[in-house]
$ cat structure11.tsv   # TSV, C-alpha atoms
chain	number	residue	atom	x	y	z
A	14	MET	CA	-28.42	92.37	1.52
A	15	LYS	CA	-30.39	89.09	1.17
A	16	TYR	CA	-28.87	85.79	0.14
A	17	TYR	CA	-29.90	82.77	-1.91
A	18	TRP	CA	-28.29	79.35	-2.07
A	19	ILE	CA	-28.55	76.81	-4.90
A	20	ASP	CA	-28.56	73.08	-4.21
A	21	PRO	CA	-26.37	70.94	-6.53
A	22	SER	CA	-29.55	69.21	-7.74
A	23	CYS	CA	-30.35	72.35	-9.78
A	24	ASP	CA	-27.16	72.22	-11.82
A	25	GLU	CA	-27.52	68.46	-12.16
A	26	LYS	CA	-30.95	68.88	-13.73
A	27	TYR	CA	-30.29	72.05	-15.75
A	28	GLY	CA	-26.53	72.20	-16.06
A	29	LYS	CA	-25.93	70.66	-19.47
A	30	ASN	CA	-24.87	73.99	-20.95
A	31	ILE	CA	-25.79	76.51	-18.30
A	32	LYS	CA	-25.52	77.08	-14.56
A	33	PHE	CA	-28.84	77.38	-12.76
A	34	ASP	CA	-27.81	80.73	-11.31
A	35	THR	CA	-27.97	82.09	-14.86
A	36	TYR	CA	-31.77	81.98	-14.63
A	37	ILE	CA	-31.79	83.90	-11.36
A	38	VAL	CA	-29.35	86.48	-12.74
A	39	GLU	CA	-31.56	86.87	-15.81
A	40	ALA	CA	-34.73	87.28	-13.71
A	41	ARG	CA	-33.07	89.99	-11.65
A	42	ALA	CA	-31.82	91.76	-14.80
A	43	LEU	CA	-35.38	91.77	-16.15
A	44	ALA	CA	-36.58	93.27	-12.87
A	45	ARG	CA	-34.05	96.08	-13.34
A	46	ARG	CA	-35.19	96.62	-16.93
A	47	ALA	CA	-38.86	96.68	-15.89
A	48	LEU	CA	-38.05	99.32	-13.28
A	49	GLU	CA	-36.18	101.44	-15.83
A	50	ARG	CA	-39.13	101.30	-18.20
A	51	LEU	CA	-41.64	102.18	-15.47
A	52	GLN	CA	-39.53	105.14	-14.42
A	53	SER	CA	-39.32	106.45	-17.97
A	54	PRO	CA	-41.82	109.28	-18.65
A	55	THR	CA	-41.85	108.43	-22.37
A	56	ASP	CA	-42.33	104.65	-22.30
A	57	THR	CA	-46.09	104.56	-22.86
A	58	ASP	CA	-45.98	100.99	-24.18
A	59	PHE	CA	-44.67	99.62	-20.91
A	60	ALA	CA	-46.99	101.88	-18.91
A	61	ARG	CA	-49.83	100.15	-20.76
A	62	VAL	CA	-48.52	96.73	-19.72
A	63	PHE	CA	-48.45	97.86	-16.10
A	64	ASN	CA	-51.99	99.22	-16.34
A	65	ILE	CA	-53.34	95.99	-17.78
A	66	LEU	CA	-51.58	93.68	-15.32
A	67	PHE	CA	-52.22	95.68	-12.14
A	68	LYS	CA	-55.48	97.35	-13.15
A	69	THR	CA	-54.21	100.79	-12.30
A	70	PRO	CA	-52.15	103.40	-14.20
A	71	LYS	CA	-48.53	103.73	-13.16
A	72	THR	CA	-49.24	107.39	-12.31
A	73	ALA	CA	-51.86	106.52	-9.66
A	74	THR	CA	-50.87	107.74	-6.19
A	75	GLN	CA	-54.07	108.64	-4.41
A	76	LYS	CA	-55.34	105.17	-3.56
A	77	LYS	CA	-53.81	102.91	-0.96
A	78	TYR	CA	-54.35	99.16	-1.10
A	79	PRO	CA	-53.43	96.56	1.53
A	80	LEU	CA	-50.51	94.24	1.04
A	81	SER	CA	-51.40	90.59	0.58
A	82	GLU	CA	-52.63	88.32	3.33
A	83	LEU	CA	-49.49	86.27	2.70
A	84	TRP	CA	-47.32	89.30	3.53
A	85	HIS	CA	-49.19	89.71	6.82
A	86	VAL	CA	-49.12	85.96	7.63
A	87	MET	CA	-45.34	85.93	7.23
A	88	ARG	CA	-45.12	88.70	9.82
A	89	GLY	CA	-47.50	87.15	12.33
A	90	LYS	CA	-50.36	89.49	11.41
A	91	SER	CA	-52.83	87.10	9.81
A	92	GLY	CA	-56.55	87.72	9.91
A	93	LEU	CA	-56.42	91.50	10.29
A	94	PRO	CA	-59.37	93.47	8.88
A	95	ASP	CA	-58.44	95.51	5.81
A	96	GLU	CA	-58.47	98.79	7.69
A	97	GLN	CA	-55.66	97.51	9.96
A	98	LYS	CA	-53.47	96.04	7.23
A	99	THR	CA	-50.34	97.76	5.94
A	100	LYS	CA	-51.30	99.74	2.84
A	101	VAL	CA	-49.23	101.09	-0.02
A	102	SER	CA	-49.47	102.93	-3.33
A	103	ILE	CA	-49.56	100.21	-5.99
A	104	PRO	CA	-47.04	101.75	-8.45
A	105	GLU	CA	-44.63	102.77	-5.68
A	106	HIS	CA	-44.67	99.31	-4.10
A	107	VAL	CA	-44.22	97.48	-7.39
A	108	MET	CA	-41.25	99.69	-8.29
A	109	ALA	CA	-39.69	99.28	-4.85
A	110	THR	CA	-40.03	95.50	-5.15
A	111	LEU	CA	-38.41	95.47	-8.59
A	112	ALA	CA	-35.51	97.58	-7.29
A	113	ASP	CA	-34.99	95.32	-4.28
A	114	PHE	CA	-35.10	92.09	-6.30
A	115	ALA	CA	-32.69	93.53	-8.87
A	116	ASP	CA	-30.14	94.96	-6.44
A	117	ASP	CA	-30.42	93.43	-2.98
A	118	TRP	CA	-29.76	89.69	-3.49
A	119	GLU	CA	-26.49	87.82	-3.65
A	120	LEU	CA	-25.54	84.19	-4.22
A	121	THR	CA	-23.95	82.45	-1.22
A	122	ASP	CA	-22.39	79.04	-0.72
A	123	ASP	CA	-23.55	79.06	2.91
A	124	ARG	CA	-26.95	77.35	3.03
A	125	LYS	CA	-27.65	78.37	6.62
A	126	LYS	CA	-27.05	82.01	5.78
A	127	ALA	CA	-29.47	82.00	2.85
A	128	HIS	CA	-32.95	83.51	2.99
A	129	VAL	CA	-33.96	81.44	-0.07
A	130	ARG	CA	-32.72	77.92	-0.88
A	131	VAL	CA	-33.32	76.55	-4.37
A	132	TYR	CA	-33.83	72.84	-4.98
A	133	ALA	CA	-34.67	70.57	-7.92
A	134	ASP	CA	-34.62	67.25	-6.06
A	135	ASN	CA	-38.29	66.22	-6.38
A	136	GLY	CA	-38.63	66.68	-2.65
A	137	ALA	CA	-36.20	63.87	-1.84
A	138	ARG	CA	-35.18	65.58	1.39
A	139	MET	CA	-38.80	65.80	2.64
A	140	CYS	CA	-40.18	63.33	5.17
A	141	VAL	CA	-43.28	62.86	7.32
A	142	ASP	CA	-43.23	63.87	10.98
A	143	ALA	CA	-44.38	60.78	12.86
A	144	ALA	CA	-45.93	62.85	15.65
A	145	THR	CA	-47.90	65.36	13.55
A	146	GLY	CA	-48.21	63.68	10.16
A	147	GLU	CA	-46.89	66.86	8.53
A	148	MET	CA	-44.32	66.95	5.76
A	149	HIS	CA	-41.13	68.63	6.82
A	150	ASP	CA	-37.60	69.29	5.63
A	151	PRO	CA	-35.12	68.12	8.30
A	152	ILE	CA	-32.18	69.76	6.51
A	153	ASN	CA	-33.58	73.29	6.54
A	154	HIS	CA	-35.89	72.82	9.54
A	155	ILE	CA	-38.90	73.82	7.47
A	156	LYS	CA	-42.34	72.27	7.59
A	157	LEU	CA	-45.17	72.06	5.09
A	158	CYS	CA	-48.28	72.93	7.09
A	159	ASN	CA	-51.68	71.41	6.41
A	160	ASP	CA	-53.59	74.57	7.27
A	161	PRO	CA	-54.69	76.18	3.95
A	162	THR	CA	-54.52	79.63	5.54
A	163	ASP	CA	-50.74	79.23	5.45
A	164	TYR	CA	-50.86	79.75	1.68
A	165	ILE	CA	-49.00	76.57	0.83
A	166	LEU	CA	-48.89	75.69	-2.87
A	167	LYS	CA	-49.73	72.02	-3.28
A	168	GLY	CA	-49.55	69.74	-6.28
A	169	VAL	CA	-47.55	72.09	-8.49
A	170	SER	CA	-44.04	72.02	-9.86
A	171	ALA	CA	-42.73	74.99	-7.91
A	172	GLN	CA	-43.56	74.98	-4.24
A	173	VAL	CA	-43.13	77.46	-1.44
A	174	ILE	CA	-42.50	75.97	2.00
A	175	PHE	CA	-42.74	78.02	5.17
A	176	ASN	CA	-40.40	77.72	8.12
A	177	ILE	CA	-40.87	76.32	11.56
A	178	PRO	CA	-40.64	79.27	14.00
A	179	ALA	CA	-37.01	79.92	14.87
A	180	ASP	CA	-37.39	78.87	18.51
A	181	GLN	CA	-38.54	75.40	17.36
A	182	GLY	CA	-35.59	74.86	15.06
A	183	PRO	CA	-32.90	72.65	16.59
A	184	ASP	CA	-30.12	74.39	14.66
A	185	LYS	CA	-29.49	77.82	16.18
A	186	GLU	CA	-27.20	78.79	13.30
A	187	GLU	CA	-30.08	78.87	10.79
A	188	ASN	CA	-31.10	82.20	9.30
A	189	PRO	CA	-34.23	83.09	11.33
A	190	GLU	CA	-35.67	84.91	8.30
A	191	ARG	CA	-35.69	81.78	6.13
A	192	ALA	CA	-39.39	82.11	5.38
A	193	THR	CA	-39.40	80.32	2.05
A	194	GLU	CA	-37.41	78.03	-0.10
A	195	LYS	CA	-37.90	77.05	-3.68
A	196	ARG	CA	-38.49	73.46	-4.54
A	197	ASP	CA	-38.82	71.34	-7.65
A	198	MET	CA	-38.61	73.71	-10.58
A	199	PRO	CA	-40.09	72.41	-13.88
A	200	GLY	CA	-38.53	69.19	-15.08
A	201	GLU	CA	-36.97	70.60	-18.24
A	202	PRO	CA	-35.68	74.07	-19.14
A	203	TRP	CA	-38.44	75.07	-21.57
A	204	LYS	CA	-37.67	77.56	-24.33
A	205	LEU	CA	-39.78	80.45	-25.55
A	206	GLU	CA	-40.45	78.63	-28.83
A	207	TYR	CA	-42.75	76.27	-26.91
A	208	GLY	CA	-45.19	79.17	-26.82
A	209	ASP	CA	-45.98	79.35	-23.10
A	210	ILE	CA	-43.95	81.70	-20.91
A	211	PHE	CA	-45.46	80.16	-17.77
A	212	PHE	CA	-43.02	77.28	-18.18
A	213	LEU	CA	-39.89	79.33	-18.76
A	214	VAL	CA	-37.46	78.69	-15.92
A	215	THR	CA	-36.68	82.41	-15.63
A	216	TYR	CA	-40.40	83.13	-15.29
A	217	VAL	CA	-40.81	80.52	-12.54
A	218	VAL	CA	-37.70	81.80	-10.71
A	219	ALA	CA	-39.05	85.37	-10.70
A	220	LEU	CA	-42.48	84.15	-9.62
A	221	GLU	CA	-41.21	82.11	-6.70
A	222	PHE	CA	-38.88	84.83	-5.44
A	223	MET	CA	-41.92	87.10	-5.24
A	224	HIS	CA	-43.27	84.71	-2.58
A	225	ALA	CA	-40.20	85.28	-0.37
A	226	ILE	CA	-40.74	86.93	3.01
A	227	ALA	CA	-39.26	90.19	1.74
A	228	TYR	CA	-42.12	90.62	-0.75
A	229	GLY	CA	-45.06	88.43	0.20
A	230	PHE	CA	-46.73	88.50	-3.22
A	231	SER	CA	-49.33	85.77	-3.25
A	232	ASP	CA	-51.17	83.47	-5.56
A	233	GLY	CA	-54.85	84.30	-5.71
A	234	SER	CA	-57.67	82.73	-3.80
A	235	ARG	CA	-60.25	80.46	-5.34
A	236	THR	CA	-62.83	82.10	-3.09
A	237	HIS	CA	-62.60	85.10	-5.40
A	238	ASN	CA	-62.86	83.12	-8.61
A	239	GLU	CA	-64.38	79.72	-7.98
A	240	ALA	CA	-65.57	79.32	-11.57
A	241	MET	CA	-62.02	79.28	-12.94
A	242	GLY	CA	-60.50	77.16	-10.21
A	243	ASP	CA	-57.06	78.67	-10.93
A	244	THR	CA	-55.16	80.97	-8.61
A	245	ALA	CA	-52.46	82.13	-11.01
A	246	GLY	CA	-51.79	82.78	-14.67
A	247	TRP	CA	-52.79	85.43	-17.20
A	248	GLU	CA	-56.51	84.61	-17.32
A	249	TYR	CA	-56.75	84.63	-13.55
A	250	ILE	CA	-55.14	88.07	-13.31
A	251	MET	CA	-57.40	89.48	-16.02
A	252	SER	CA	-60.52	88.22	-14.22
A	253	GLU	CA	-59.58	89.29	-10.70
A	254	LYS	CA	-60.36	92.43	-8.75
A	255	LYS	CA	-57.69	95.13	-8.53
A	256	GLU	CA	-57.16	94.66	-4.80
A	257	ILE	CA	-56.30	90.99	-5.41
A	258	CYS	CA	-54.50	91.01	-8.75
A	259	TRP	CA	-52.11	93.81	-7.87
A	260	HIS	CA	-50.17	91.74	-5.32
A	261	ASN	CA	-50.28	88.55	-7.39
A	262	ALA	CA	-46.85	86.99	-7.91
A	263	ASP	CA	-47.71	86.07	-11.51
A	264	ALA	CA	-48.44	89.72	-12.33
A	265	MET	CA	-44.98	90.70	-11.06
A	266	SER	CA	-43.26	87.95	-13.02
A	267	LEU	CA	-45.22	88.80	-16.17
A	268	LEU	CA	-44.17	92.43	-15.81
A	269	MET	CA	-40.52	91.35	-15.74
A	270	MET	CA	-40.97	89.11	-18.79
A	271	ALA	CA	-42.71	91.95	-20.63
A	272	ALA	CA	-39.60	94.10	-20.11
A	273	GLY	CA	-37.60	91.38	-21.84
A	274	PHE	CA	-40.06	91.12	-24.72
A	275	ALA	CA	-39.89	94.88	-25.20
A	276	ASP	CA	-36.15	94.57	-25.87
A	277	MET	CA	-36.46	91.57	-28.23
A	278	ARG	CA	-35.82	92.26	-31.92
A	279	PRO	CA	-35.89	90.00	-34.97
A	280	TYR	CA	-32.48	89.12	-36.36
A	281	GLU	CA	-30.53	92.15	-37.62
A	282	GLU	CA	-33.33	94.58	-36.70
A	283	THR	CA	-32.00	97.66	-34.91
A	284	LYS	CA	-35.20	98.96	-33.36
A	285	GLY	CA	-38.62	97.88	-32.23
A	286	GLY	CA	-39.78	95.16	-29.88
A	287	TYR	CA	-42.85	93.35	-28.56
A	288	THR	CA	-45.53	94.69	-26.28
A	289	ILE	CA	-49.20	94.31	-25.40
A	290	HIS	CA	-51.52	95.25	-28.27
A	291	ARG	CA	-52.06	99.01	-28.44
A	292	ASP	CA	-55.79	98.60	-29.11
A	293	TRP	CA	-56.16	98.93	-25.35
A	294	ASP	CA	-55.88	102.70	-25.77
A	295	LYS	CA	-59.03	102.73	-27.93
A	296	ILE	CA	-61.20	101.44	-25.06
A	297	PRO	CA	-63.02	104.35	-23.40
A	298	GLY	CA	-61.53	105.07	-19.99
A	299	SER	CA	-58.73	102.55	-20.45
A	300	ASN	CA	-56.37	104.69	-18.33
A	301	ASP	CA	-58.93	105.73	-15.72
A	302	PRO	CA	-57.77	104.71	-12.22
A	303	ASP	CA	-61.40	104.13	-11.18
A	304	VAL	CA	-61.71	101.01	-13.28
A	305	THR	CA	-64.28	98.30	-13.71
A	306	ASN	CA	-63.51	94.72	-14.62
A	307	GLU	CA	-65.44	95.11	-17.88
A	308	LYS	CA	-62.33	96.45	-19.55
A	309	TRP	CA	-60.46	93.25	-18.70
A	310	ASP	CA	-63.10	90.98	-20.24
A	311	VAL	CA	-61.38	89.12	-23.08
A	312	ASP	CA	-64.63	89.36	-25.09
A	313	TYR	CA	-64.77	93.15	-24.76
A	314	PRO	CA	-64.36	94.90	-28.16
A	315	LEU	CA	-60.77	95.63	-29.20
A	316	ASN	CA	-59.45	93.57	-26.32
A	317	ASP	CA	-56.56	91.65	-27.81
A	318	SER	CA	-54.70	93.36	-24.97
A	319	ALA	CA	-56.60	91.53	-22.22
A	320	LYS	CA	-56.04	88.30	-24.14
A	321	GLY	CA	-52.33	88.78	-23.55
A	322	ARG	CA	-51.43	89.27	-27.19
A	323	PHE	CA	-47.90	90.65	-27.60
A	324	VAL	CA	-47.36	92.43	-30.91
A	325	ARG	CA	-44.18	93.60	-32.62
A	326	TYR	CA	-43.94	97.33	-33.19
A	327	SER	CA	-41.06	99.03	-34.98
A	328	ASP	CA	-41.69	102.27	-33.05
A	329	MET	CA	-41.56	100.88	-29.52
A	330	THR	CA	-41.42	103.54	-26.85
A	331	ASN	CA	-38.61	103.64	-24.32
$ encode --input "structure11.tsv" --output "structure tokens"
Amino acid sequence: MKYYWIDPSCDEKYGKNIKFDTYIVEARALARRALERLQSPTDTDFARVFNILFKTPKTATQKKYPLSELWHVMRGKSGLPDEQKTKVSIPEHVMATLADFADDWELTDDRKKAHVRVYADNGARMCVDAATGEMHDPINHIKLCNDPTDYILKGVSAQVIFNIPADQGPDKEENPERATEKRDMPGEPWKLEYGDIFFLVTYVVALEFMHAIAYGFSDGSRTHNEAMGDTAGWEYIMSEKKEICWHNADAMSLLMMAAGFADMRPYEETKGGYTIHRDWDKIPGSNDPDVTNEKWDVDYPLNDSAKGRFVRYSDMTN
């Protein structure tokens, strides 16, 4: 079992009508629903979502791809050539991650016990180390490194901060596996009606948990897509190579949100839901595991799917 702890700042910022833990509970429930849909042999709509996000069919088993560099960095294995990295089947690993996130976390009131600590304090606890000039968190004994190879997210609302090695921490009671904490969630709890799921608190919660040491899903690297300049988001995932996009934290979070959309129905409707446009199936070779990025080009014919268009269907599969 893994544990998360929520700082009072989260309820102070979001707690007008709801406890912050509600968002984490919802994210984990969506992970469970995504797993159920992926395991269903008849849910072709959700299988399509998986194929588009991870650039491989959910039935693919023959190809092994390396886990992210972030996953290896967190385990002291940075810089390994691809042939020496831990490799997995993409569908199997995604499903195992969904199952773990859904079932293997528990809220604790013991901060030192927690693997993940959630804050919304605008970094008030952070200070500069006079000796090194590095930002660090003296409460959790966590530092924000300046080395970009440490995969630190800078200048964004949700930030992952890696820990000082356990033998450097002055507090021996700290959880030695505290590899990440979550900091500074978006300033307001956006609603779906704003039209951008990337600002939903539940989406951000799911995304940031995917960066935890247990999972090591990463943001992308600008070296693979310098023209866009972004390392996350729908357009980034659509433009990236399979071996990069499949362990992208945004792709995992989007998959969870898609499970929620699939269960959404207009008022008083008893069936149906929302899913990626089915025109994807009309593209030749759309379910071929040996894919090319051409199919993910938003200008490719019939590609409302790659544009991220969710459509309501009354005959949603399940």
$ atom_distance --input "structure11.tsv" --atom1 "atom CA of A:Asp116" --atom2 "atom CA of A:Met269"
14.4 Å
$ closest_residue --input "structure11.tsv" --among "A:Asn135, A:Thr57, A:Gln52, A:Asn261" --to "A:Arg291" --atoms "all atoms listed in the file"
A:Thr57
$ residues_around --input "structure11.tsv" --residues "stretch 85-96 of chain A" --least-positions-apart "2" --cutoff "8 Å" --atoms "all atoms listed in the file" --output "PDB file with C-alpha atoms, in the coordinates of the input"
ATOM      1  CA  PRO A  79     -53.430  96.560   1.530  1.00  0.00           C
ATOM      2  CA  LEU A  80     -50.510  94.240   1.040  1.00  0.00           C
ATOM      3  CA  SER A  81     -51.400  90.590   0.580  1.00  0.00           C
ATOM      4  CA  GLU A  82     -52.630  88.320   3.330  1.00  0.00           C
ATOM      5  CA  LEU A  83     -49.490  86.270   2.700  1.00  0.00           C
ATOM      6  CA  LYS A  98     -53.470  96.040   7.230  1.00  0.00           C
ATOM      7  CA  ASP A 163     -50.740  79.230   5.450  1.00  0.00           C
ATOM      8  CA  ALA A 192     -39.390  82.110   5.380  1.00  0.00           C
ATOM      9  CA  ILE A 226     -40.740  86.930   3.010  1.00  0.00           C
ATOM     10  CA  GLY A 229     -45.060  88.430   0.200  1.00  0.00           C
TER      11      GLY A 229
END
$ atom_distance --input "structure11.tsv" --atom1 "atom CA of A:Ala40" --atom2 "atom CA of A:Ala115"
8.2 Å
$ atom_distance --input "structure11.tsv" --atom1 "atom CA of A:Glu39" --atom2 "atom CA of A:Phe59"
19.0 Å
$ closest_residue --input "structure11.tsv" --among "A:Leu51, A:Cys23, A:Ala219, A:Met139" --to "A:Thr330" --atoms "all atoms listed in the file"
A:Leu51
$ closest_atom_pairs --input "structure11.tsv" --of "stretch 39-138 of chain A" --to "stretch 255-259 of chain A" --cutoff "9 Å" --atoms "all atoms listed in the file" --output "JSON lines"
{"residue": "A:Leu66", "atom": "CA", "partner": "A:Trp259", "partner_atom": "CA", "distance": 7.5}
{"residue": "A:Phe67", "atom": "CA", "partner": "A:Trp259", "partner_atom": "CA", "distance": 4.7}
{"residue": "A:Lys68", "atom": "CA", "partner": "A:Lys255", "partner_atom": "CA", "distance": 5.6}
{"residue": "A:Thr69", "atom": "CA", "partner": "A:Lys255", "partner_atom": "CA", "distance": 7.6}
{"residue": "A:Tyr78", "atom": "CA", "partner": "A:Glu256", "partner_atom": "CA", "distance": 6.5}
{"residue": "A:Pro79", "atom": "CA", "partner": "A:Glu256", "partner_atom": "CA", "distance": 7.6}
{"residue": "A:Leu80", "atom": "CA", "partner": "A:Glu256", "partner_atom": "CA", "distance": 8.9}
{"residue": "A:Ser81", "atom": "CA", "partner": "A:Ile257", "partner_atom": "CA", "distance": 7.7}
{"residue": "A:Ile103", "atom": "CA", "partner": "A:Trp259", "partner_atom": "CA", "distance": 7.1}
{"residue": "A:Val107", "atom": "CA", "partner": "A:Trp259", "partner_atom": "CA", "distance": 8.7}
$ residues_around --input "structure11.tsv" --residues "A:Leu111" --least-positions-apart "5" --cutoff "7 Å" --atoms "all atoms listed in the file" --output "PyMOL selection string"
chain A and resi 44-45+48
$ closest_residue --input "structure11.tsv" --among "A:Arg46, A:Arg322, A:Lys100, A:His128" --to "A:Ile65" --atoms "all atoms listed in the file"
A:Arg322
